[in-house]
$ cat entry36.tsv   # TSV, C-alpha atoms and all ligand atoms
chain	number	residue	atom	x	y	z
A	273	MET	CA	49.07	-110.54	-176.77
A	274	LEU	CA	49.60	-108.85	-180.10
A	275	TRP	CA	47.30	-106.05	-181.14
A	276	ALA	CA	46.32	-107.97	-184.24
A	277	GLN	CA	44.79	-110.53	-181.89
A	278	ILE	CA	43.10	-107.83	-179.82
A	279	ALA	CA	41.62	-106.27	-182.93
A	280	MET	CA	39.93	-109.59	-183.66
A	281	THR	CA	38.18	-109.58	-180.28
A	282	ALA	CA	37.43	-105.85	-179.93
A	283	PRO	CA	34.31	-104.42	-181.57
A	284	ALA	CA	34.96	-102.77	-184.90
A	285	ARG	CA	33.44	-99.59	-183.56
A	286	PRO	CA	35.81	-97.29	-181.64
A	287	GLU	CA	33.04	-94.94	-180.54
A	288	PRO	CA	29.98	-96.13	-178.61
A	289	PRO	CA	26.50	-95.46	-179.94
A	290	GLU	CA	24.83	-92.36	-178.53
A	291	ASP	CA	22.29	-94.50	-176.69
A	292	CYS	CA	24.77	-97.08	-175.34
A	293	ARG	CA	23.30	-98.71	-172.24
A	294	LEU	CA	25.87	-101.45	-171.64
A	295	CYS	CA	26.47	-100.07	-168.14
A	296	PRO	CA	23.02	-99.97	-166.46
A	297	ARG	CA	24.10	-97.71	-163.57
A	298	LEU	CA	25.71	-95.16	-165.89
A	299	ALA	CA	22.80	-95.24	-168.33
A	300	GLN	CA	20.42	-94.60	-165.44
A	301	PHE	CA	22.64	-91.74	-164.22
A	302	ARG	CA	22.50	-90.24	-167.71
A	303	ASP	CA	18.71	-90.47	-167.64
A	304	GLU	CA	18.63	-88.71	-164.26
A	305	ASN	CA	20.95	-86.01	-165.56
A	306	GLN	CA	18.81	-85.59	-168.66
A	307	ARG	CA	15.87	-84.80	-166.40
A	308	ALA	CA	17.89	-82.56	-164.08
A	309	TYR	CA	19.94	-80.83	-166.79
A	310	PRO	CA	18.08	-81.11	-170.11
A	311	GLY	CA	20.50	-78.66	-171.75
A	312	PHE	CA	23.52	-80.87	-171.04
A	313	PHE	CA	25.02	-83.30	-173.57
A	314	ASN	CA	24.20	-86.31	-171.34
A	315	ARG	CA	25.48	-88.99	-173.72
A	316	PRO	CA	28.70	-91.00	-174.14
A	317	VAL	CA	31.29	-88.31	-174.89
A	318	PRO	CA	33.06	-89.00	-178.19
A	319	SER	CA	36.80	-88.76	-178.72
A	320	PHE	CA	38.07	-85.41	-179.96
A	321	GLY	CA	40.98	-84.55	-182.22
A	322	ASP	CA	43.06	-86.02	-185.01
A	323	VAL	CA	42.44	-89.70	-185.78
A	324	ASP	CA	45.58	-89.68	-187.96
A	325	GLY	CA	47.70	-88.37	-185.07
A	326	GLN	CA	50.62	-90.03	-183.32
A	327	LEU	CA	49.47	-89.25	-179.78
A	328	LEU	CA	46.42	-90.61	-177.94
A	329	ILE	CA	45.58	-89.00	-174.60
A	330	VAL	CA	43.38	-91.12	-172.33
A	331	GLY	CA	41.52	-89.55	-169.44
A	332	LEU	CA	39.29	-91.23	-166.87
A	333	ALA	CA	35.67	-90.22	-167.57
A	334	PRO	CA	33.58	-87.12	-168.31
A	335	GLY	CA	32.89	-84.73	-165.44
A	336	LEU	CA	29.22	-84.05	-164.73
A	337	LYS	CA	29.41	-80.33	-165.45
A	338	GLY	CA	32.45	-80.55	-167.73
A	339	ALA	CA	32.46	-82.93	-170.70
A	340	ASN	CA	29.03	-84.35	-169.83
A	341	ARG	CA	27.67	-80.81	-170.12
A	342	THR	CA	29.55	-79.69	-173.22
A	343	GLY	CA	30.03	-82.99	-175.11
A	344	ARG	CA	33.78	-82.56	-175.64
A	345	PRO	CA	36.42	-84.27	-173.46
A	346	PHE	CA	37.96	-82.03	-170.79
A	347	THR	CA	35.84	-79.08	-171.86
A	348	GLY	CA	33.98	-77.04	-169.29
A	349	ASP	CA	35.78	-77.83	-166.06
A	350	PHE	CA	39.11	-77.10	-164.44
A	351	ALA	CA	41.00	-80.16	-165.74
A	352	GLY	CA	40.68	-78.87	-169.29
A	353	ASP	CA	42.40	-75.58	-168.52
A	354	LEU	CA	45.67	-77.31	-167.63
A	355	LEU	CA	45.38	-79.98	-170.32
A	356	TYR	CA	44.49	-77.74	-173.25
A	357	GLY	CA	46.92	-75.06	-172.10
A	358	THR	CA	49.69	-77.65	-172.08
A	359	LEU	CA	48.72	-79.01	-175.49
A	360	ALA	CA	48.91	-75.48	-176.90
A	361	ALA	CA	52.34	-74.96	-175.33
A	362	PHE	CA	53.59	-78.12	-177.08
A	363	GLY	CA	52.15	-77.19	-180.47
A	364	LEU	CA	49.52	-79.93	-180.27
A	365	SER	CA	46.54	-77.65	-180.83
A	366	GLU	CA	45.49	-74.87	-183.13
A	367	GLY	CA	43.21	-72.01	-182.10
A	368	THR	CA	42.17	-70.74	-178.71
A	369	PHE	CA	40.61	-72.94	-176.06
A	370	ALA	CA	37.53	-71.23	-174.64
A	371	ALA	CA	36.02	-74.16	-172.71
A	372	ASP	CA	33.27	-74.49	-175.30
A	373	PRO	CA	32.99	-76.97	-178.20
A	374	GLY	CA	32.16	-73.98	-180.42
A	375	ASP	CA	35.52	-72.34	-179.76
A	376	GLY	CA	36.96	-73.72	-183.01
A	377	LEU	CA	39.91	-75.37	-181.28
A	378	LYS	CA	41.57	-78.19	-183.25
A	379	LEU	CA	44.01	-80.76	-181.98
A	380	ARG	CA	47.13	-81.38	-184.04
A	381	ASN	CA	48.63	-84.83	-184.26
A	382	CYS	CA	46.73	-86.00	-181.20
A	383	LEU	CA	43.39	-87.44	-180.16
A	384	LEU	CA	41.73	-87.13	-176.77
A	385	THR	CA	39.46	-89.82	-175.31
A	386	ASN	CA	38.31	-91.25	-171.99
A	387	ALA	CA	38.64	-94.75	-170.58
A	388	VAL	CA	34.95	-94.56	-169.61
A	389	ARG	CA	32.76	-92.54	-171.96
A	390	CYS	CA	29.80	-91.82	-169.68
A	391	VAL	CA	29.85	-89.62	-166.61
A	392	PRO	CA	29.96	-91.76	-163.44
A	393	PRO	CA	28.44	-90.70	-160.12
A	394	GLU	CA	31.09	-88.94	-157.99
A	395	ASN	CA	33.59	-89.33	-160.83
A	396	LYS	CA	34.09	-92.98	-159.87
A	397	PRO	CA	33.39	-95.69	-162.44
A	398	THR	CA	33.23	-99.22	-161.04
A	399	GLY	CA	35.65	-101.90	-162.18
A	400	PRO	CA	33.00	-103.66	-164.30
A	401	GLU	CA	32.05	-100.34	-165.94
A	402	SER	CA	35.69	-99.66	-166.84
A	403	LYS	CA	35.93	-103.17	-168.21
A	404	THR	CA	32.76	-102.85	-170.27
A	405	CYS	CA	33.75	-99.54	-171.84
A	406	ARG	CA	37.27	-100.83	-172.43
A	407	THR	CA	36.02	-102.62	-175.52
A	408	PHE	CA	35.59	-99.19	-177.12
A	409	LEU	CA	39.00	-98.04	-175.86
A	410	ALA	CA	40.63	-101.14	-177.35
A	411	ALA	CA	38.92	-100.51	-180.68
A	412	ARG	CA	39.90	-96.84	-180.50
A	413	ILE	CA	43.54	-97.75	-179.96
A	414	THR	CA	43.69	-100.34	-182.72
A	415	SER	CA	41.93	-97.98	-185.16
A	416	LEU	CA	44.69	-95.33	-185.08
A	417	PRO	CA	47.02	-95.90	-188.05
A	418	ASN	CA	49.87	-93.62	-186.92
A	419	LEU	CA	49.78	-94.14	-183.16
A	420	LYS	CA	53.18	-93.88	-181.44
A	421	VAL	CA	52.44	-92.73	-177.90
A	422	ILE	CA	49.58	-93.11	-175.44
A	423	PHE	CA	49.50	-90.55	-172.63
A	424	ALA	CA	47.50	-91.86	-169.67
A	425	LEU	CA	45.99	-89.39	-167.23
A	426	GLY	CA	45.92	-91.18	-163.89
A	427	ARG	CA	46.28	-94.72	-162.69
A	428	ILE	CA	42.85	-95.94	-163.81
A	429	ALA	CA	43.44	-94.74	-167.38
A	430	HIS	CA	46.91	-96.31	-167.28
A	431	GLU	CA	45.52	-99.67	-166.14
A	432	SER	CA	42.68	-99.55	-168.62
A	433	VAL	CA	45.14	-98.98	-171.47
A	434	LEU	CA	47.26	-101.92	-170.28
A	435	SER	CA	44.23	-104.20	-170.18
A	436	ALA	CA	43.06	-102.95	-173.56
A	437	VAL	CA	46.35	-103.87	-175.21
A	438	GLY	CA	46.97	-107.06	-173.26
A	439	ALA	CA	49.94	-105.78	-171.20
A	440	THR	CA	50.46	-106.55	-167.52
A	441	ARG	CA	50.45	-104.11	-164.62
A	442	ALA	CA	53.42	-105.90	-163.05
A	443	ALA	CA	55.60	-105.19	-166.08
A	444	HIS	CA	54.34	-101.60	-166.39
A	445	PRO	CA	53.77	-100.03	-162.95
A	446	PHE	CA	52.14	-96.60	-162.90
A	447	ALA	CA	54.36	-93.67	-161.95
A	448	HIS	CA	54.14	-90.03	-162.89
A	449	GLY	CA	56.43	-89.36	-165.84
A	450	ALA	CA	57.17	-93.06	-166.41
A	451	ALA	CA	57.44	-94.32	-169.99
A	452	HIS	CA	56.66	-97.92	-170.93
A	453	ARG	CA	57.05	-99.86	-174.14
A	454	LEU	CA	53.89	-101.81	-174.95
A	455	PRO	CA	53.99	-105.18	-176.77
A	456	SER	CA	53.08	-103.50	-180.06
A	457	GLY	CA	56.01	-101.08	-179.77
A	458	VAL	CA	53.77	-98.12	-178.92
A	459	HIS	CA	54.95	-96.09	-175.91
A	460	LEU	CA	52.80	-95.45	-172.86
A	461	VAL	CA	53.61	-92.36	-170.77
A	462	ASP	CA	51.95	-91.79	-167.38
A	463	SER	CA	50.85	-88.64	-165.67
A	464	TYR	CA	48.87	-87.90	-162.57
A	465	HIS	CA	45.41	-86.81	-163.62
A	466	CYS	CA	45.15	-83.06	-164.17
A	467	SER	CA	42.13	-82.74	-161.87
A	468	ARG	CA	41.45	-79.75	-159.70
A	469	TYR	CA	41.98	-81.93	-156.61
A	470	ASN	CA	45.45	-83.04	-157.73
A	471	THR	CA	46.55	-79.52	-158.65
A	472	ASN	CA	45.04	-77.92	-155.52
A	473	THR	CA	46.80	-80.41	-153.27
A	474	GLY	CA	50.11	-79.99	-155.09
A	475	LYS	CA	50.19	-83.63	-156.19
A	476	LEU	CA	50.45	-82.35	-159.75
A	477	THR	CA	51.98	-78.99	-160.61
A	478	PRO	CA	51.91	-77.44	-164.10
A	479	GLU	CA	55.67	-78.07	-164.25
A	480	MET	CA	55.20	-81.76	-163.46
A	481	PHE	CA	52.51	-81.99	-166.11
A	482	ARG	CA	54.75	-80.35	-168.70
A	483	TYR	CA	57.54	-82.78	-167.75
A	484	ALA	CA	55.36	-85.80	-168.53
A	485	MET	CA	53.98	-84.22	-171.70
A	486	ALA	CA	57.53	-83.41	-172.86
A	487	LYS	CA	58.39	-87.06	-172.46
A	488	ALA	CA	55.41	-88.09	-174.59
A	489	LYS	CA	56.20	-85.49	-177.24
A	490	GLY	CA	59.82	-86.63	-177.37
A	491	LEU	CA	58.75	-90.23	-178.03
A	492	MET	CA	56.54	-89.20	-180.93
A	493	GLY	CA	59.68	-88.82	-183.01
A	501	LIG	S1	30.45	-96.17	-170.11
A	501	LIG	FE1	30.86	-96.94	-172.19
A	501	LIG	S2	30.06	-99.05	-172.26
A	501	LIG	FE2	29.18	-98.02	-170.45
A	501	LIG	S3	27.20	-97.21	-171.14
A	501	LIG	FE3	28.71	-95.57	-171.41
A	501	LIG	S4	29.48	-95.78	-173.50
A	501	LIG	FE4	28.42	-97.70	-172.99
$ encode --input "entry36.tsv" --output "structure tokens"
Amino acid sequence: MLWAQIAMTAPARPEPPEDCRLCPRLAQFRDENQRAYPGFFNRPVPSFGDVDGQLLIVGLAPGLKGANRTGRPFTGDFAGDLLYGTLAAFGLSEGTFAADPGDGLKLRNCLLTNAVRCVPPENKPTGPESKTCRTFLAARITSLPNLKVIFALGRIAHESVLSAVGATRAAHPFAHGAAHRLPSGVHLVDSYHCSRYNTNTGKLTPEMFRYAMAKAKGLMG
């Protein structure tokens, strides 16, 4: 399917409303978190970075005490340390990451988003929740005028991107460091998710993460 066709079916809005309740379980979890942690962000976490950039990084979902607390993707928990450190090393950010949305950090030529915008219990969105929020991911992708590369963090993000752009999993199997050409000509590069679990178990090392990011950067032209 061509992206022009997808754009006709995706909502015009690439960011969900602050009170989005399309996923009842996640909306209820937000309500519970609002009561338990009234100082947290507790809303769909918006994308962060440069909407005119060539690179879109797609994570899985906000962490309860990370992005759901701070309101910025990958900010406030371990995964952000590796991600933002790597972006800085590749010249894709400006300023110093201090795990706080007030740190003044800016992304250069790239935008960061999540496949599912609301924090899921135990970091696990259901299939229907991923599908529901994918309408925003599809709109986000089609809204980027200079997009050349999508960098997917983990298999779920990879598969959500494929579904969002109408590409098949069979033609584009997930593998760390793999690069795929999507029907629109945009490249998709895969990485294992930069979670604490993956780095603690050695599934993903900083070197492996830099390898995949280098591939994405190289395809940006
Ligand atoms: S996950 Fe996405 S679709 Fe579901 S309630 Fe949150 S913003 Fe809405």
$ residues_around --input "entry36.tsv" --residues "Asn381 of chain A" --least-positions-apart "3" --cutoff "8 Å" --atoms "all atoms listed in the file" --output "PyMOL selection string"
chain A and resi 321-322+324-327+364
$ residues_around --input "entry36.tsv" --residues "Arg406 of chain A" --least-positions-apart "3" --cutoff "7 Å" --atoms "all atoms listed in the file" --output "list in words"
Ala387, Ser402, Lys403, Leu409, Ala410, Ser432 and Ala436 of chain A
$ residues_near_point --input "entry36.tsv" --point "(36.5, -72.8, -175.4)" --cutoff "12 Å" --atoms "all atoms listed in the file" --output "PyMOL selection string"
chain A and resi 338-339+342+344-349+352-353+356-357+367-378
$ atom_distance --input "entry36.tsv" --atom1 "atom CA of Glu366 of chain A" --atom2 "atom CA of Cys382 of chain A"
11.4 Å
$ closest_residue --input "entry36.tsv" --among "A:Met485, A:Cys292, A:Leu359, A:Leu491" --to "ligand LIG 501 (chain A)" --atoms "only C-alpha atoms and all ligand atoms"
A:Cys292
$ residues_near_ligand --input "entry36.tsv" --ligand "ligand LIG 501 (chain A)" --cutoff "6 Å" --atoms "only C-alpha atoms and all ligand atoms" --output "list in words"
Pro288, Cys292, Arg293, Leu294, Cys295, Leu298, Ala299, Pro316, Val388, Arg389, Cys390, Glu401, Thr404 and Cys405 of chain A
$ residues_around --input "entry36.tsv" --residues "Phe446 of chain A" --least-positions-apart "5" --cutoff "7 Å" --atoms "all atoms listed in the file" --output "PDB file with C-alpha atoms, keeping the file's coordinate frame"
ATOM      1  CA  ARG A 427      46.280 -94.720-162.690  1.00  0.00           C
ATOM      2  CA  HIS A 430      46.910 -96.310-167.280  1.00  0.00           C
ATOM      3  CA  ASP A 462      51.950 -91.790-167.380  1.00  0.00           C
TER       4      ASP A 462
END
$ closest_residue --input "entry36.tsv" --among "A:Glu431, A:Ala308, A:Leu383, A:Lys475" --to "Arg412 of chain A" --atoms "all atoms listed in the file"
A:Leu383
$ closest_atom_pairs --input "entry36.tsv" --of "segment 320-381 of chain A" --to "segment 393-398 of chain A" --cutoff "8 Å" --atoms "all atoms listed in the file" --output "JSON lines"
{"residue": "A:Ala333", "atom": "CA", "partner": "A:Asn395", "partner_atom": "CA", "distance": 7.1}
{"residue": "A:Pro334", "atom": "CA", "partner": "A:Asn395", "partner_atom": "CA", "distance": 7.8}
{"residue": "A:Gly335", "atom": "CA", "partner": "A:Asn395", "partner_atom": "CA", "distance": 6.5}
{"residue": "A:Leu336", "atom": "CA", "partner": "A:Asn395", "partner_atom": "CA", "distance": 7.9}
$ write_last_selection --input "entry36.tsv" --atoms "C-alpha atoms" --output "PDB file, keeping the file's coordinate frame"
ATOM      1  CA  ALA A 333      35.670 -90.220-167.570  1.00  0.00           C
ATOM      2  CA  PRO A 334      33.580 -87.120-168.310  1.00  0.00           C
ATOM      3  CA  GLY A 335      32.890 -84.730-165.440  1.00  0.00           C
ATOM      4  CA  LEU A 336      29.220 -84.050-164.730  1.00  0.00           C
TER       5      LEU A 336
END
$ atom_distance --input "entry36.tsv" --atom1 "atom CA of Leu454 of chain A" --atom2 "atom CA of Ala411 of chain A"
16.1 Å
$ atom_distance --input "entry36.tsv" --atom1 "atom CA of Lys489 of chain A" --atom2 "atom CA of Val421 of chain A"
8.2 Å
$ residues_around --input "entry36.tsv" --residues "Ala443 of chain A" --least-positions-apart "3" --cutoff "10 Å" --atoms "only C-alpha atoms" --output "VMD selection string"
chain A and resid 434 439 to 440 446 452 to 454
$ residues_around --input "entry36.tsv" --residues "Asn314 of chain A" --least-positions-apart "3" --cutoff "7 Å" --atoms "all atoms listed in the file" --output "list of chain:residue names"
A:Arg302, A:Asn305, A:Gln306, A:Asn340, A:Arg341
$ build_atoms --input "entry36.tsv" --residues "segment 330-348 of chain A" --atoms "N, CA, C and O atoms" --output "PDB file, keeping the file's coordinate frame"
ATOM      1  N   VAL A 330      44.503 -90.384-172.927  1.00  0.00           N
ATOM      2  CA  VAL A 330      43.380 -91.120-172.330  1.00  0.00           C
ATOM      3  C   VAL A 330      43.115 -90.601-170.931  1.00  0.00           C
ATOM      4  O   VAL A 330      43.962 -90.714-170.044  1.00  0.00           O
ATOM      5  N   GLY A 331      41.935 -90.008-170.754  1.00  0.00           N
ATOM      6  CA  GLY A 331      41.520 -89.550-169.440  1.00  0.00           C
ATOM      7  C   GLY A 331      40.682 -90.622-168.755  1.00  0.00           C
ATOM      8  O   GLY A 331      40.563 -91.757-169.238  1.00  0.00           O
ATOM      9  N   LEU A 332      40.078 -90.253-167.625  1.00  0.00           N
ATOM     10  CA  LEU A 332      39.290 -91.230-166.870  1.00  0.00           C
ATOM     11  C   LEU A 332      37.858 -91.296-167.393  1.00  0.00           C
ATOM     12  O   LEU A 332      37.451 -92.303-167.973  1.00  0.00           O
ATOM     13  N   ALA A 333      37.093 -90.228-167.201  1.00  0.00           N
ATOM     14  CA  ALA A 333      35.670 -90.220-167.570  1.00  0.00           C
ATOM     15  C   ALA A 333      35.205 -88.777-167.605  1.00  0.00           C
ATOM     16  O   ALA A 333      35.836 -87.905-167.004  1.00  0.00           O
ATOM     17  N   PRO A 334      34.085 -88.495-168.275  1.00  0.00           N
ATOM     18  CA  PRO A 334      33.580 -87.120-168.310  1.00  0.00           C
ATOM     19  C   PRO A 334      33.188 -86.632-166.915  1.00  0.00           C
ATOM     20  O   PRO A 334      32.711 -87.408-166.098  1.00  0.00           O
ATOM     21  N   GLY A 335      33.399 -85.352-166.665  1.00  0.00           N
ATOM     22  CA  GLY A 335      32.890 -84.730-165.440  1.00  0.00           C
ATOM     23  C   GLY A 335      31.451 -84.306-165.673  1.00  0.00           C
ATOM     24  O   GLY A 335      31.064 -83.960-166.791  1.00  0.00           O
ATOM     25  N   LEU A 336      30.654 -84.342-164.595  1.00  0.00           N
ATOM     26  CA  LEU A 336      29.220 -84.050-164.730  1.00  0.00           C
ATOM     27  C   LEU A 336      28.976 -82.697-165.404  1.00  0.00           C
ATOM     28  O   LEU A 336      28.190 -82.594-166.347  1.00  0.00           O
ATOM     29  N   LYS A 337      29.663 -81.668-164.911  1.00  0.00           N
ATOM     30  CA  LYS A 337      29.410 -80.330-165.450  1.00  0.00           C
ATOM     31  C   LYS A 337      30.534 -79.877-166.380  1.00  0.00           C
ATOM     32  O   LYS A 337      30.599 -78.708-166.768  1.00  0.00           O
ATOM     33  N   GLY A 338      31.414 -80.823-166.733  1.00  0.00           N
ATOM     34  CA  GLY A 338      32.450 -80.550-167.730  1.00  0.00           C
ATOM     35  C   GLY A 338      32.045 -81.192-169.040  1.00  0.00           C
ATOM     36  O   GLY A 338      31.122 -80.749-169.722  1.00  0.00           O
ATOM     37  N   ALA A 339      32.719 -82.285-169.399  1.00  0.00           N
ATOM     38  CA  ALA A 339      32.460 -82.930-170.700  1.00  0.00           C
ATOM     39  C   ALA A 339      31.026 -83.443-170.829  1.00  0.00           C
ATOM     40  O   ALA A 339      30.466 -83.451-171.917  1.00  0.00           O
ATOM     41  N   ASN A 340      30.419 -83.884-169.731  1.00  0.00           N
ATOM     42  CA  ASN A 340      29.030 -84.350-169.830  1.00  0.00           C
ATOM     43  C   ASN A 340      28.078 -83.189-170.161  1.00  0.00           C
ATOM     44  O   ASN A 340      27.017 -83.388-170.723  1.00  0.00           O
ATOM     45  N   ARG A 341      28.491 -81.988-169.807  1.00  0.00           N
ATOM     46  CA  ARG A 341      27.670 -80.810-170.120  1.00  0.00           C
ATOM     47  C   ARG A 341      27.913 -80.354-171.557  1.00  0.00           C
ATOM     48  O   ARG A 341      26.982 -80.086-172.309  1.00  0.00           O
ATOM     49  N   THR A 342      29.203 -80.311-171.929  1.00  0.00           N
ATOM     50  CA  THR A 342      29.550 -79.690-173.220  1.00  0.00           C
ATOM     51  C   THR A 342      29.640 -80.693-174.368  1.00  0.00           C
ATOM     52  O   THR A 342      29.549 -80.313-175.530  1.00  0.00           O
ATOM     53  N   GLY A 343      29.916 -81.970-174.058  1.00  0.00           N
ATOM     54  CA  GLY A 343      30.030 -82.990-175.110  1.00  0.00           C
ATOM     55  C   GLY A 343      31.415 -83.107-175.711  1.00  0.00           C
ATOM     56  O   GLY A 343      31.599 -83.855-176.679  1.00  0.00           O
ATOM     57  N   ARG A 344      32.408 -82.421-175.148  1.00  0.00           N
ATOM     58  CA  ARG A 344      33.780 -82.560-175.640  1.00  0.00           C
ATOM     59  C   ARG A 344      34.685 -82.884-174.454  1.00  0.00           C
ATOM     60  O   ARG A 344      34.571 -82.240-173.404  1.00  0.00           O
ATOM     61  N   PRO A 345      35.580 -83.871-174.602  1.00  0.00           N
ATOM     62  CA  PRO A 345      36.420 -84.270-173.460  1.00  0.00           C
ATOM     63  C   PRO A 345      37.163 -83.073-172.860  1.00  0.00           C
ATOM     64  O   PRO A 345      37.670 -82.216-173.586  1.00  0.00           O
ATOM     65  N   PHE A 346      37.195 -83.041-171.539  1.00  0.00           N
ATOM     66  CA  PHE A 346      37.960 -82.030-170.790  1.00  0.00           C
ATOM     67  C   PHE A 346      37.559 -80.594-171.141  1.00  0.00           C
ATOM     68  O   PHE A 346      38.382 -79.696-171.093  1.00  0.00           O
ATOM     69  N   THR A 347      36.300 -80.418-171.491  1.00  0.00           N
ATOM     70  CA  THR A 347      35.840 -79.080-171.860  1.00  0.00           C
ATOM     71  C   THR A 347      34.735 -78.644-170.907  1.00  0.00           C
ATOM     72  O   THR A 347      33.686 -79.289-170.854  1.00  0.00           O
ATOM     73  N   GLY A 348      35.006 -77.576-170.168  1.00  0.00           N
ATOM     74  CA  GLY A 348      33.980 -77.040-169.290  1.00  0.00           C
ATOM     75  C   GLY A 348      34.287 -77.168-167.815  1.00  0.00           C
ATOM     76  O   GLY A 348      33.519 -76.697-166.985  1.00  0.00           O
TER      77      GLY A 348
END
